[in-house]
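Q: mmCIF, C-alpha atoms, file final_17.cif:
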```cif
data_start
#
loop_
_atom_site.label_atom_id
_atom_site.label_comp_id
_atom_site.auth_asym_id
_atom_site.auth_seq_id
_atom_site.Cartn_x
_atom_site.Cartn_y
_atom_site.Cartn_z
CA MET A 11 -28.20 -185.63 -146.18
CA ARG A 12 -25.39 -187.64 -144.59
CA THR A 13 -22.26 -185.84 -143.45
CA ALA A 14 -18.79 -187.28 -143.83
CA GLY A 15 -17.93 -189.96 -141.29
CA HIS A 16 -15.44 -192.60 -140.34
CA TYR A 17 -15.46 -196.32 -139.69
CA ASP A 18 -15.42 -197.28 -136.03
CA GLY A 19 -15.40 -201.00 -135.24
CA GLY A 20 -17.20 -201.76 -138.50
CA HIS A 21 -19.81 -199.02 -138.01
CA VAL A 22 -20.14 -195.74 -139.89
CA THR A 23 -20.31 -192.90 -137.38
CA THR A 24 -21.46 -189.46 -138.46
CA THR A 25 -22.42 -186.25 -136.73
CA ASP A 26 -25.52 -184.44 -137.95
CA PRO A 27 -24.95 -180.66 -137.75
CA HIS A 28 -28.65 -180.18 -137.00
CA LEU A 29 -28.37 -182.23 -133.79
CA THR A 30 -27.12 -180.91 -130.47
CA ARG A 31 -24.47 -183.14 -128.87
CA GLU A 32 -26.11 -186.18 -130.48
CA THR A 33 -24.06 -188.68 -132.45
CA GLU A 34 -25.63 -190.58 -135.34
CA THR A 35 -24.39 -194.09 -136.08
CA THR A 36 -25.45 -196.06 -139.13
CA VAL A 37 -25.68 -199.85 -138.94
CA ASP A 38 -27.74 -202.58 -140.56
CA VAL A 39 -29.40 -203.74 -137.35
CA VAL A 40 -29.87 -202.36 -133.85
CA VAL A 41 -30.44 -204.99 -131.19
CA VAL A 42 -32.05 -203.61 -128.04
CA GLY A 43 -30.84 -205.62 -125.06
CA ALA A 44 -27.68 -207.63 -124.36
CA GLY A 45 -29.32 -210.56 -122.64
CA ILE A 46 -28.69 -213.97 -124.14
CA ALA A 47 -31.39 -213.43 -126.79
CA GLY A 48 -29.91 -210.14 -127.98
CA LEU A 49 -26.35 -211.45 -127.98
CA ALA A 50 -27.31 -214.63 -129.85
CA THR A 51 -29.22 -212.56 -132.42
CA ALA A 52 -26.21 -210.33 -132.95
CA ARG A 53 -23.90 -213.33 -133.27
CA ARG A 54 -25.92 -214.77 -136.15
CA LEU A 55 -26.25 -211.41 -137.86
CA PHE A 56 -22.51 -210.75 -137.67
CA GLU A 57 -21.86 -214.20 -139.08
CA ALA A 58 -24.09 -213.19 -142.00
CA GLY A 59 -21.92 -210.12 -142.61
CA LEU A 60 -24.26 -207.48 -141.21
CA ARG A 61 -23.24 -204.46 -139.16
CA VAL A 62 -24.91 -204.61 -135.74
CA ALA A 63 -25.02 -202.42 -132.65
CA VAL A 64 -26.23 -204.09 -129.43
CA LEU A 65 -27.54 -201.44 -127.04
CA GLU A 66 -27.80 -202.44 -123.37
CA ALA A 67 -29.18 -200.24 -120.61
CA ARG A 68 -27.23 -202.01 -117.87
CA ASP A 69 -23.51 -201.84 -117.18
CA ARG A 70 -23.17 -205.58 -117.91
CA VAL A 71 -24.34 -208.23 -120.36
CA GLY A 72 -26.60 -211.14 -119.51
CA GLY A 73 -29.94 -209.59 -118.55
CA ARG A 74 -31.68 -212.22 -116.47
CA LEU A 75 -28.53 -214.33 -116.62
CA LEU A 76 -26.89 -212.94 -113.50
CA SER A 77 -24.30 -214.79 -111.43
CA ALA A 78 -22.30 -214.07 -108.31
CA ARG A 79 -18.84 -215.65 -108.43
CA VAL A 80 -17.45 -217.49 -105.41
CA ASP A 81 -14.03 -219.09 -105.85
CA GLY A 82 -14.63 -219.26 -109.58
CA VAL A 83 -18.03 -220.96 -109.25
CA GLY A 84 -21.19 -219.14 -110.29
CA LEU A 85 -24.17 -218.80 -107.95
CA ASP A 86 -27.10 -217.84 -110.15
CA LEU A 87 -29.47 -215.07 -109.13
CA GLY A 88 -31.36 -215.40 -112.40
CA ALA A 89 -31.68 -218.24 -114.88
CA THR A 90 -30.03 -221.45 -113.66
CA TRP A 91 -30.81 -224.58 -115.66
CA PHE A 92 -30.83 -226.02 -119.12
CA TRP A 93 -32.21 -229.42 -120.11
CA PRO A 94 -30.62 -232.18 -122.23
CA THR A 95 -33.48 -232.16 -124.74
CA GLU A 96 -32.87 -228.49 -125.61
CA ARG A 97 -30.86 -228.59 -128.82
CA ARG A 98 -29.98 -224.92 -129.28
CA ILE A 99 -28.39 -224.32 -125.92
CA THR A 100 -26.70 -227.73 -126.00
CA ARG A 101 -25.13 -226.80 -129.34
CA LEU A 102 -24.14 -223.32 -128.15
CA ILE A 103 -22.48 -224.70 -125.03
CA ALA A 104 -20.46 -227.11 -127.16
CA GLU A 105 -19.45 -224.41 -129.65
CA LEU A 106 -18.28 -222.02 -126.93
CA GLY A 107 -16.74 -224.61 -124.64
CA VAL A 108 -18.67 -223.36 -121.61
CA ALA A 109 -18.16 -225.54 -118.53
CA THR A 110 -21.28 -227.26 -117.20
CA ALA A 111 -22.20 -229.74 -114.48
CA PRO A 112 -25.34 -231.76 -113.71
CA GLN A 113 -27.85 -230.59 -111.14
CA HIS A 114 -27.36 -232.45 -107.85
CA LEU A 115 -30.24 -234.95 -107.47
CA HIS A 116 -29.15 -237.53 -104.90
CA GLY A 117 -30.97 -237.73 -101.58
CA ASP A 118 -34.42 -237.24 -100.11
CA ALA A 119 -36.63 -234.18 -100.57
CA LEU A 120 -38.67 -232.25 -98.01
CA LEU A 121 -42.25 -231.00 -97.98
CA GLN A 122 -43.19 -228.09 -95.72
CA LEU A 123 -46.85 -227.89 -94.70
CA PRO A 124 -48.54 -225.65 -92.12
CA THR A 125 -48.66 -228.73 -89.92
CA GLY A 126 -44.93 -229.47 -90.13
CA VAL A 127 -42.11 -230.82 -92.30
CA GLN A 128 -42.25 -234.19 -94.02
CA ARG A 129 -39.32 -236.10 -95.47
CA ILE A 130 -40.02 -237.65 -98.87
CA ASP A 131 -38.27 -240.83 -99.89
CA GLY A 132 -36.20 -239.90 -102.94
CA ASN A 133 -36.26 -236.63 -104.85
CA PRO A 134 -39.37 -236.12 -107.01
CA ILE A 135 -38.75 -232.35 -107.15
CA ASP A 136 -35.57 -232.08 -109.19
CA VAL A 137 -35.14 -233.51 -112.67
CA THR A 138 -32.12 -234.23 -114.83
CA SER A 139 -30.78 -230.86 -115.90
CA GLY A 140 -27.53 -228.98 -116.35
CA ARG A 141 -26.00 -225.93 -114.76
CA PHE A 142 -23.13 -223.65 -115.69
CA VAL A 143 -20.06 -224.11 -113.52
CA HIS A 144 -19.20 -220.42 -113.69
CA GLY A 145 -22.83 -219.33 -113.64
CA ALA A 146 -25.32 -218.75 -116.44
CA GLN A 147 -23.96 -215.26 -116.97
CA ALA A 148 -20.77 -216.92 -118.23
CA LEU A 149 -22.74 -218.10 -121.27
CA ALA A 150 -23.69 -214.53 -122.15
CA GLU A 151 -20.12 -213.36 -121.61
CA ALA A 152 -18.82 -216.12 -123.88
CA VAL A 153 -21.18 -215.04 -126.68
CA ARG A 154 -20.12 -211.43 -126.25
CA GLU A 155 -16.49 -212.45 -126.69
CA GLN A 156 -17.38 -213.68 -130.18
CA LEU A 157 -18.71 -210.27 -131.25
CA PRO A 158 -16.49 -207.55 -132.70
CA PRO A 159 -15.02 -205.01 -130.27
CA GLY A 160 -17.44 -202.17 -129.67
CA ALA A 161 -20.45 -204.08 -130.95
CA VAL A 162 -22.02 -204.22 -127.49
CA ARG A 163 -22.57 -200.78 -126.02
CA LEU A 164 -23.40 -200.72 -122.33
CA GLU A 165 -25.36 -198.08 -120.42
CA ARG A 166 -27.29 -197.27 -123.58
CA ALA A 167 -30.98 -197.32 -122.68
CA VAL A 168 -33.08 -197.09 -125.82
CA THR A 169 -35.89 -194.62 -125.22
CA ALA A 170 -37.42 -194.31 -128.70
CA VAL A 171 -37.75 -196.23 -131.94
CA GLU A 172 -38.94 -194.05 -134.81
CA ILE A 173 -39.58 -194.28 -138.51
CA VAL A 174 -39.29 -190.83 -140.08
CA ASP A 175 -39.47 -190.40 -143.86
CA GLY A 176 -38.68 -194.06 -144.28
CA ARG A 177 -35.61 -193.96 -142.04
CA LEU A 178 -35.58 -196.14 -138.93
CA PHE A 179 -34.01 -194.68 -135.81
CA ALA A 180 -33.26 -196.03 -132.34
CA ARG A 181 -32.54 -193.31 -129.79
CA THR A 182 -30.69 -193.33 -126.49
CA PRO A 183 -30.13 -190.25 -124.29
CA GLN A 184 -26.63 -189.95 -125.79
CA GLU A 185 -27.10 -190.72 -129.47
CA ARG A 186 -29.25 -192.05 -132.25
CA TYR A 187 -28.75 -195.03 -134.54
CA VAL A 188 -29.98 -195.41 -138.09
CA ALA A 189 -30.73 -198.97 -139.12
CA ARG A 190 -32.66 -201.10 -141.56
CA HIS A 191 -34.01 -203.29 -138.76
CA VAL A 192 -34.46 -203.13 -134.98
CA VAL A 193 -34.66 -206.22 -132.78
CA ILE A 194 -36.40 -205.83 -129.41
CA ALA A 195 -34.54 -208.39 -127.30
CA MET A 196 -36.32 -207.54 -124.07
CA ALA A 197 -39.61 -208.52 -122.49
CA PRO A 198 -42.48 -207.04 -124.53
CA ALA A 199 -44.17 -205.51 -121.48
CA LEU A 200 -40.97 -203.68 -120.56
CA ALA A 201 -40.44 -202.53 -124.15
CA ILE A 202 -43.91 -200.99 -124.33
CA SER A 203 -43.35 -199.31 -120.97
CA ALA A 204 -39.86 -197.96 -121.62
CA ILE A 205 -39.70 -197.19 -125.36
CA ARG A 206 -41.70 -194.65 -127.38
CA PHE A 207 -42.60 -196.06 -130.78
CA THR A 208 -43.30 -193.65 -133.66
CA PRO A 209 -45.55 -194.29 -135.44
CA GLU A 210 -47.39 -196.13 -132.71
CA LEU A 211 -47.53 -199.90 -132.95
CA PRO A 212 -50.90 -201.49 -133.75
CA GLY A 213 -53.26 -201.38 -130.77
CA ARG A 214 -53.71 -205.15 -130.59
CA LEU A 215 -49.95 -205.67 -130.50
CA VAL A 216 -49.55 -203.05 -127.77
CA ASP A 217 -52.32 -204.65 -125.70
CA LEU A 218 -50.71 -208.06 -126.14
CA ALA A 219 -47.27 -206.80 -125.13
CA ARG A 220 -48.63 -204.97 -122.09
CA SER A 221 -50.37 -208.11 -120.85
CA THR A 222 -47.52 -210.58 -121.47
CA PRO A 223 -45.82 -211.61 -118.20
CA VAL A 224 -42.11 -211.06 -117.72
CA TRP A 225 -40.49 -214.41 -117.02
CA MET A 226 -39.01 -214.19 -113.49
CA GLY A 227 -40.06 -210.54 -113.44
CA ALA A 228 -42.23 -210.82 -110.33
CA ILE A 229 -40.07 -213.39 -108.54
CA THR A 230 -37.50 -212.97 -105.79
CA LYS A 231 -34.63 -215.43 -106.00
CA VAL A 232 -32.51 -216.16 -102.96
CA VAL A 233 -29.15 -217.95 -102.78
CA VAL A 234 -27.88 -218.94 -99.33
CA GLU A 235 -24.27 -220.02 -98.99
CA TYR A 236 -22.93 -222.29 -96.24
CA ALA A 237 -19.52 -223.53 -95.12
CA THR A 238 -20.47 -227.11 -96.04
CA ALA A 239 -23.33 -228.91 -97.79
CA PHE A 240 -24.48 -230.35 -94.46
CA TRP A 241 -27.82 -231.51 -95.86
CA ARG A 242 -26.05 -234.01 -98.08
CA GLU A 243 -24.46 -235.55 -94.98
CA GLU A 244 -28.01 -236.10 -93.70
CA GLY A 245 -29.02 -237.88 -96.91
CA LEU A 246 -30.99 -234.89 -98.22
CA ALA A 247 -30.95 -233.60 -101.79
CA GLY A 248 -31.40 -229.99 -100.75
CA ALA A 249 -34.75 -229.99 -102.57
CA ALA A 250 -37.94 -228.85 -100.88
CA MET A 251 -41.44 -227.65 -101.66
CA SER A 252 -43.24 -225.37 -99.23
CA HIS A 253 -46.85 -224.38 -98.62
CA VAL A 254 -45.64 -221.98 -95.94
CA GLY A 255 -42.93 -219.83 -97.52
CA PRO A 256 -41.47 -217.40 -98.07
CA LEU A 257 -39.53 -219.69 -100.45
CA ARG A 258 -41.97 -221.94 -102.29
CA GLU A 259 -39.36 -224.24 -103.80
CA ILE A 260 -35.76 -224.87 -102.84
CA HIS A 261 -32.87 -226.61 -104.62
CA ASP A 262 -29.18 -227.37 -104.18
CA MET A 263 -26.89 -224.85 -105.89
CA SER A 264 -23.56 -226.12 -104.66
CA GLY A 265 -20.53 -226.26 -106.93
CA PRO A 266 -19.64 -229.47 -108.80
CA ASP A 267 -17.74 -230.91 -105.80
CA GLY A 268 -20.13 -229.48 -103.23
CA ARG A 269 -18.14 -226.25 -102.85
CA PRO A 270 -19.20 -223.57 -102.45
CA ALA A 271 -22.16 -225.08 -100.62
CA ALA A 272 -25.42 -223.33 -101.35
CA LEU A 273 -29.19 -223.64 -101.43
CA PHE A 274 -31.45 -221.46 -103.52
CA GLY A 275 -35.15 -220.83 -103.79
CA PHE A 276 -37.92 -218.79 -105.36
CA ALA A 277 -40.36 -216.51 -103.59
CA PRO A 278 -43.38 -215.18 -105.47
CA PRO A 279 -44.88 -211.91 -104.17
CA VAL A 280 -47.72 -212.37 -101.70
CA SER A 281 -49.41 -209.26 -103.14
CA VAL A 282 -48.76 -206.41 -105.55
CA GLY A 283 -46.15 -204.14 -104.04
CA ALA A 284 -45.38 -206.47 -101.14
CA PRO A 285 -41.94 -205.77 -99.65
CA THR A 286 -38.94 -207.93 -100.53
CA ILE A 287 -38.47 -210.85 -98.18
CA THR A 288 -35.73 -210.52 -95.58
CA ALA A 289 -32.69 -212.69 -94.96
CA GLU A 290 -34.01 -213.38 -91.47
CA ARG A 291 -37.22 -214.92 -92.79
CA VAL A 292 -35.33 -217.03 -95.31
CA VAL A 293 -32.87 -218.36 -92.74
CA HIS A 294 -35.72 -219.10 -90.32
CA GLN A 295 -37.47 -221.16 -93.00
CA LEU A 296 -34.32 -223.06 -93.93
CA THR A 297 -33.65 -223.79 -90.27
CA THR A 298 -37.17 -225.16 -89.91
CA LEU A 299 -36.60 -227.38 -92.93
CA PHE A 300 -32.98 -228.47 -92.61
CA GLY A 301 -32.24 -228.08 -88.92
CA SER A 302 -29.98 -225.93 -86.77
CA ALA A 303 -27.02 -226.13 -89.17
CA ALA A 304 -28.99 -223.94 -91.58
CA ALA A 305 -29.10 -221.10 -89.03
CA SER A 306 -25.53 -219.99 -89.78
CA PRO A 307 -25.07 -219.14 -93.48
CA THR A 308 -21.94 -217.45 -94.72
CA SER A 309 -23.97 -215.23 -97.06
CA VAL A 310 -27.55 -214.59 -98.16
CA ARG A 311 -28.04 -213.08 -101.59
CA ILE A 312 -31.51 -211.75 -102.43
CA ARG A 313 -32.52 -210.61 -105.90
CA ASP A 314 -36.02 -209.18 -106.21
CA TRP A 315 -36.50 -208.95 -109.96
CA ARG A 316 -39.44 -206.58 -109.48
CA ASP A 317 -36.88 -203.95 -108.50
CA GLU A 318 -34.88 -204.33 -111.72
CA PRO A 319 -36.00 -201.40 -113.92
CA PHE A 320 -34.29 -202.90 -116.97
CA THR A 321 -36.13 -206.21 -116.48
CA SER A 322 -39.58 -205.48 -115.10
CA PRO A 323 -42.08 -202.70 -115.79
CA PRO A 324 -44.09 -201.19 -112.92
CA GLY A 325 -46.87 -203.51 -111.76
CA VAL A 326 -45.20 -206.60 -113.18
CA GLU A 327 -46.91 -208.73 -110.51
CA ARG A 328 -50.25 -208.08 -112.21
CA LEU A 329 -49.15 -209.83 -115.41
CA ASN A 330 -50.17 -213.48 -115.16
CA ASP A 331 -51.57 -214.55 -118.54
CA TYR A 332 -48.84 -216.99 -119.52
CA GLU A 333 -50.88 -218.14 -122.51
CA THR A 334 -49.60 -215.01 -124.24
CA PHE A 335 -46.10 -216.52 -124.33
CA GLY A 336 -45.13 -217.38 -127.89
CA HIS A 337 -48.19 -215.60 -129.32
CA ALA A 338 -48.34 -215.67 -133.10
CA ALA A 339 -48.21 -211.87 -133.25
CA TYR A 340 -44.64 -211.94 -131.97
CA THR A 341 -43.53 -214.10 -134.86
CA VAL A 342 -44.53 -211.47 -137.43
CA PRO A 343 -42.20 -208.47 -137.72
CA ALA A 344 -43.98 -205.16 -137.10
CA ALA A 345 -43.35 -201.73 -138.64
CA ASP A 346 -43.45 -202.95 -142.25
CA GLY A 347 -41.27 -205.93 -141.41
CA ARG A 348 -38.50 -203.89 -139.76
CA LEU A 349 -39.17 -204.43 -136.05
CA HIS A 350 -38.58 -207.90 -134.61
CA TRP A 351 -39.26 -209.49 -131.21
CA ALA A 352 -36.57 -211.67 -129.64
CA SER A 353 -37.04 -212.54 -125.97
CA THR A 354 -37.91 -215.78 -124.26
CA GLU A 355 -41.50 -214.57 -123.78
CA THR A 356 -41.96 -214.41 -127.56
CA ALA A 357 -40.63 -217.91 -128.29
CA THR A 358 -42.93 -220.60 -129.61
CA GLU A 359 -40.51 -223.22 -128.25
CA SER A 360 -39.44 -223.44 -124.59
CA PRO A 361 -40.70 -219.97 -123.59
CA GLY A 362 -39.28 -218.94 -120.24
CA HIS A 363 -36.11 -220.98 -120.74
CA ILE A 364 -32.72 -219.93 -122.08
CA GLU A 365 -33.59 -222.26 -124.95
CA GLY A 366 -36.63 -220.11 -125.64
CA ALA A 367 -34.48 -216.99 -125.80
CA LEU A 368 -32.21 -218.71 -128.33
CA ALA A 369 -35.21 -219.85 -130.37
CA ALA A 370 -36.55 -216.30 -130.51
CA ALA A 371 -33.10 -215.04 -131.49
CA ASP A 372 -32.93 -217.56 -134.33
CA ARG A 373 -36.34 -216.48 -135.59
CA ALA A 374 -35.51 -212.78 -135.57
CA ALA A 375 -32.08 -213.21 -137.15
CA THR A 376 -33.45 -215.48 -139.89
CA ALA A 377 -36.19 -212.99 -140.74
CA ILE A 378 -33.64 -210.21 -141.12
CA ILE A 379 -31.13 -212.25 -143.10
CA GLU A 380 -33.82 -213.42 -145.48
CA SER A 381 -35.56 -210.04 -145.80
CA PRO A 382 -35.62 -208.32 -149.22
CA GLY A 383 -32.77 -205.90 -149.73
#
```
Reformat the file's structure so that it appears as structure tokens.
A:
Amino acid sequence: MRTAGHYDGGHVTTTDPHLTRETETTVDVVVVGAGIAGLATARRLFEAGLRVAVLEARDRVGGRLLSARVDGVGLDLGATWFWPTERRITRLIAELGVATAPQHLHGDALLQLPTGVQRIDGNPIDVTSGRFVHGAQALAEAVREQLPPGAVRLERAVTAVEIVDGRLFARTPQERYVARHVVIAMAPALAISAIRFTPELPGRLVDLARSTPVWMGAITKVVVEYATAFWREEGLAGAAMSHVGPLREIHDMSGPDGRPAALFGFAPPVSVGAPTITAERVVHQLTTLFGSAAASPTSVRIRDWRDEPFTSPPGVERLNDYETFGHAAYTVPAADGRLHWASTETATESPGHIEGALAAADRAATAIIESPG
């Protein structure tokens, strides 16, 4: 039996006298995760007139869209690019007026082999793509600004999703939410690891989710800032591929006019549980590639996504079956049509890209909007 409540930001909030210090909030949809997929899902649902609560475990929005700001320019420690053929993100950027700039391509690339460094005529490593002037996280922040006040609730880690007597609940340590639908806008492997589902999800779905890799989940991304983009003065694009490491690929991440000047790269783990690479090793590699000017960075930012508990489950390095991305099982709502998947790993289009996250968000939101009742 529902107790009397009040409207709070479009949500009905009630307190169940049988609960101890636990608030019950009733909405139409709970979205678990305020990455770009969760935020885009919520945006569509609000536009359709539904009441939505977006619950995010972190103290920020964006998920794997994470940017450090230097003089107003974003240096991305997570997702970086979008591509001109990707229609959803291109449309979203235009709708929100988010500033973008093309990836720097001009110059020669480098190839690092155990036998030495080779200069490659031209740049076959980078392709035509776009970046966000203020960082990819700015896209997530712009979507959040379009949601009603209070719709996104930070530091709310969902620990359980339950169906009891036909009622669907999402629980955090502080409260519980009653909803008609729940959208899991986080990597399936993390969801299975972090959330208790009652009743249990079908075994095949659980096995699939547990084996689906987390995009970027096992990768360390490094951004190295310099006083100037000295490599451009040498006719280099800032692009490199390495068979030595620790960074296996390197790209230019400088601002639109070359400031701030920065290079970034990706380092896969050499083994399960291997320690995070050090700034010293990164700078040594860049000096080997780009010369003595690379030995004096102004900052080195290292983000080991394995250490992000709200991104990667334990043992994420062991997940390597990328054929599970976009699996058909993720396109079918579970729990009698009330539980939906919406992360880039579940997208049938562009999985692993921001575009894939938006595609998964579209699918989940459409299923809810078109559901009976």
Q: Give me, please, the distance in Å between CA of Ala304 (chain A) and CA of Glu318 (chain A), quoted to one decimal.
A: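 Result for CA of Ala304 (chain A) versus CA of Glu318 (chain A): 28.7 Å, one decimal.
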Q: Quick one: apply the PyMOL selection byres ((chain A and resi 235) around 10) to the file and drop the selected residues here as a PyMOL selection string.
A: chain A and resi 80+85+232-234+236-239+263-264+269-274+304+306-311
Q: For each of A:Gly265, A:Pro278, A:Pro319, A:Pro134, take the minimum atom-to-atom distance to Asp86 (chain A), counting only C-alpha atoms, then give the residue where this is smallest.
A: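 Closest candidate: A:Gly265.
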Q: Considering all atoms listed in the file, state which residue in the set A:Val326, A:Ala357, A:Val282, A:Val162 is at the smallest distance from Arg61 (chain A).
A: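 For Arg61 (chain A), the nearest of the candidates is A:Val162.
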Q: Neighbours of Ile202 (chain A) within 12 Å (all atoms listed in the file; same-chain residues fewer than 2 positions away dropped), as a PDB file with C-alpha atoms, in the frame of the given file?
A:
```pdb
ATOM      1  CA  VAL A 168     -33.080-197.090-125.820  1.00  0.00           C
ATOM      2  CA  THR A 169     -35.890-194.620-125.220  1.00  0.00           C
ATOM      3  CA  ALA A 170     -37.420-194.310-128.700  1.00  0.00           C
ATOM      4  CA  VAL A 171     -37.750-196.230-131.940  1.00  0.00           C
ATOM      5  CA  ILE A 194     -36.400-205.830-129.410  1.00  0.00           C
ATOM      6  CA  MET A 196     -36.320-207.540-124.070  1.00  0.00           C
ATOM      7  CA  ALA A 197     -39.610-208.520-122.490  1.00  0.00           C
ATOM      8  CA  PRO A 198     -42.480-207.040-124.530  1.00  0.00           C
ATOM      9  CA  ALA A 199     -44.170-205.510-121.480  1.00  0.00           C
ATOM     10  CA  LEU A 200     -40.970-203.680-120.560  1.00  0.00           C
ATOM     11  CA  ALA A 204     -39.860-197.960-121.620  1.00  0.00           C
ATOM     12  CA  ILE A 205     -39.700-197.190-125.360  1.00  0.00           C
ATOM     13  CA  ARG A 206     -41.700-194.650-127.380  1.00  0.00           C
ATOM     14  CA  PHE A 207     -42.600-196.060-130.780  1.00  0.00           C
ATOM     15  CA  THR A 208     -43.300-193.650-133.660  1.00  0.00           C
ATOM     16  CA  GLU A 210     -47.390-196.130-132.710  1.00  0.00           C
ATOM     17  CA  LEU A 211     -47.530-199.900-132.950  1.00  0.00           C
ATOM     18  CA  PRO A 212     -50.900-201.490-133.750  1.00  0.00           C
ATOM     19  CA  GLY A 213     -53.260-201.380-130.770  1.00  0.00           C
ATOM     20  CA  LEU A 215     -49.950-205.670-130.500  1.00  0.00           C
ATOM     21  CA  VAL A 216     -49.550-203.050-127.770  1.00  0.00           C
ATOM     22  CA  ASP A 217     -52.320-204.650-125.700  1.00  0.00           C
ATOM     23  CA  LEU A 218     -50.710-208.060-126.140  1.00  0.00           C
ATOM     24  CA  ALA A 219     -47.270-206.800-125.130  1.00  0.00           C
ATOM     25  CA  ARG A 220     -48.630-204.970-122.090  1.00  0.00           C
ATOM     26  CA  SER A 221     -50.370-208.110-120.850  1.00  0.00           C
ATOM     27  CA  THR A 222     -47.520-210.580-121.470  1.00  0.00           C
ATOM     28  CA  SER A 322     -39.580-205.480-115.100  1.00  0.00           C
ATOM     29  CA  PRO A 323     -42.080-202.700-115.790  1.00  0.00           C
ATOM     30  CA  PRO A 324     -44.090-201.190-112.920  1.00  0.00           C
ATOM     31  CA  TRP A 351     -39.260-209.490-131.210  1.00  0.00           C
TER      32      TRP A 351
END
```
Q: Just to confirm, what's the straight-line distance from CA of Arg316 (chain A) to CA of Glu290 (chain A) in Å (one decimal)?
A: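 Atom-to-atom, CA of Arg316 (chain A) and CA of Glu290 (chain A) are spaced 20.0 Å apart.
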Q: (-26.3, -203.6, -130.6) in this file's frame - what residues fall within 9 Å of it? Use all atoms listed in the file and give the answer as a PyMOL selection string.
A: chain A and resi 39-44+48-49+52+62-66+161-163
Q: Give as a list in words each residue that has an atom at most 9 Å from (-26.6, -214.9, -124.0) in the file, counting all atoms listed in the file.
A: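 Counting all atoms listed in the file, I find these residues within 9 Å of (-26.6, -214.9, -124.0): Ala44, Gly45, Ile46, Ala47, Gly48, Leu49, Ala50, Val71, Gly72, Gly73, Leu75, Ala146, Gln147, Ala148, Leu149, Ala150, Glu151, Ala152, Val153, Arg154, Ile364, Ala367 and Leu368 of chain A.
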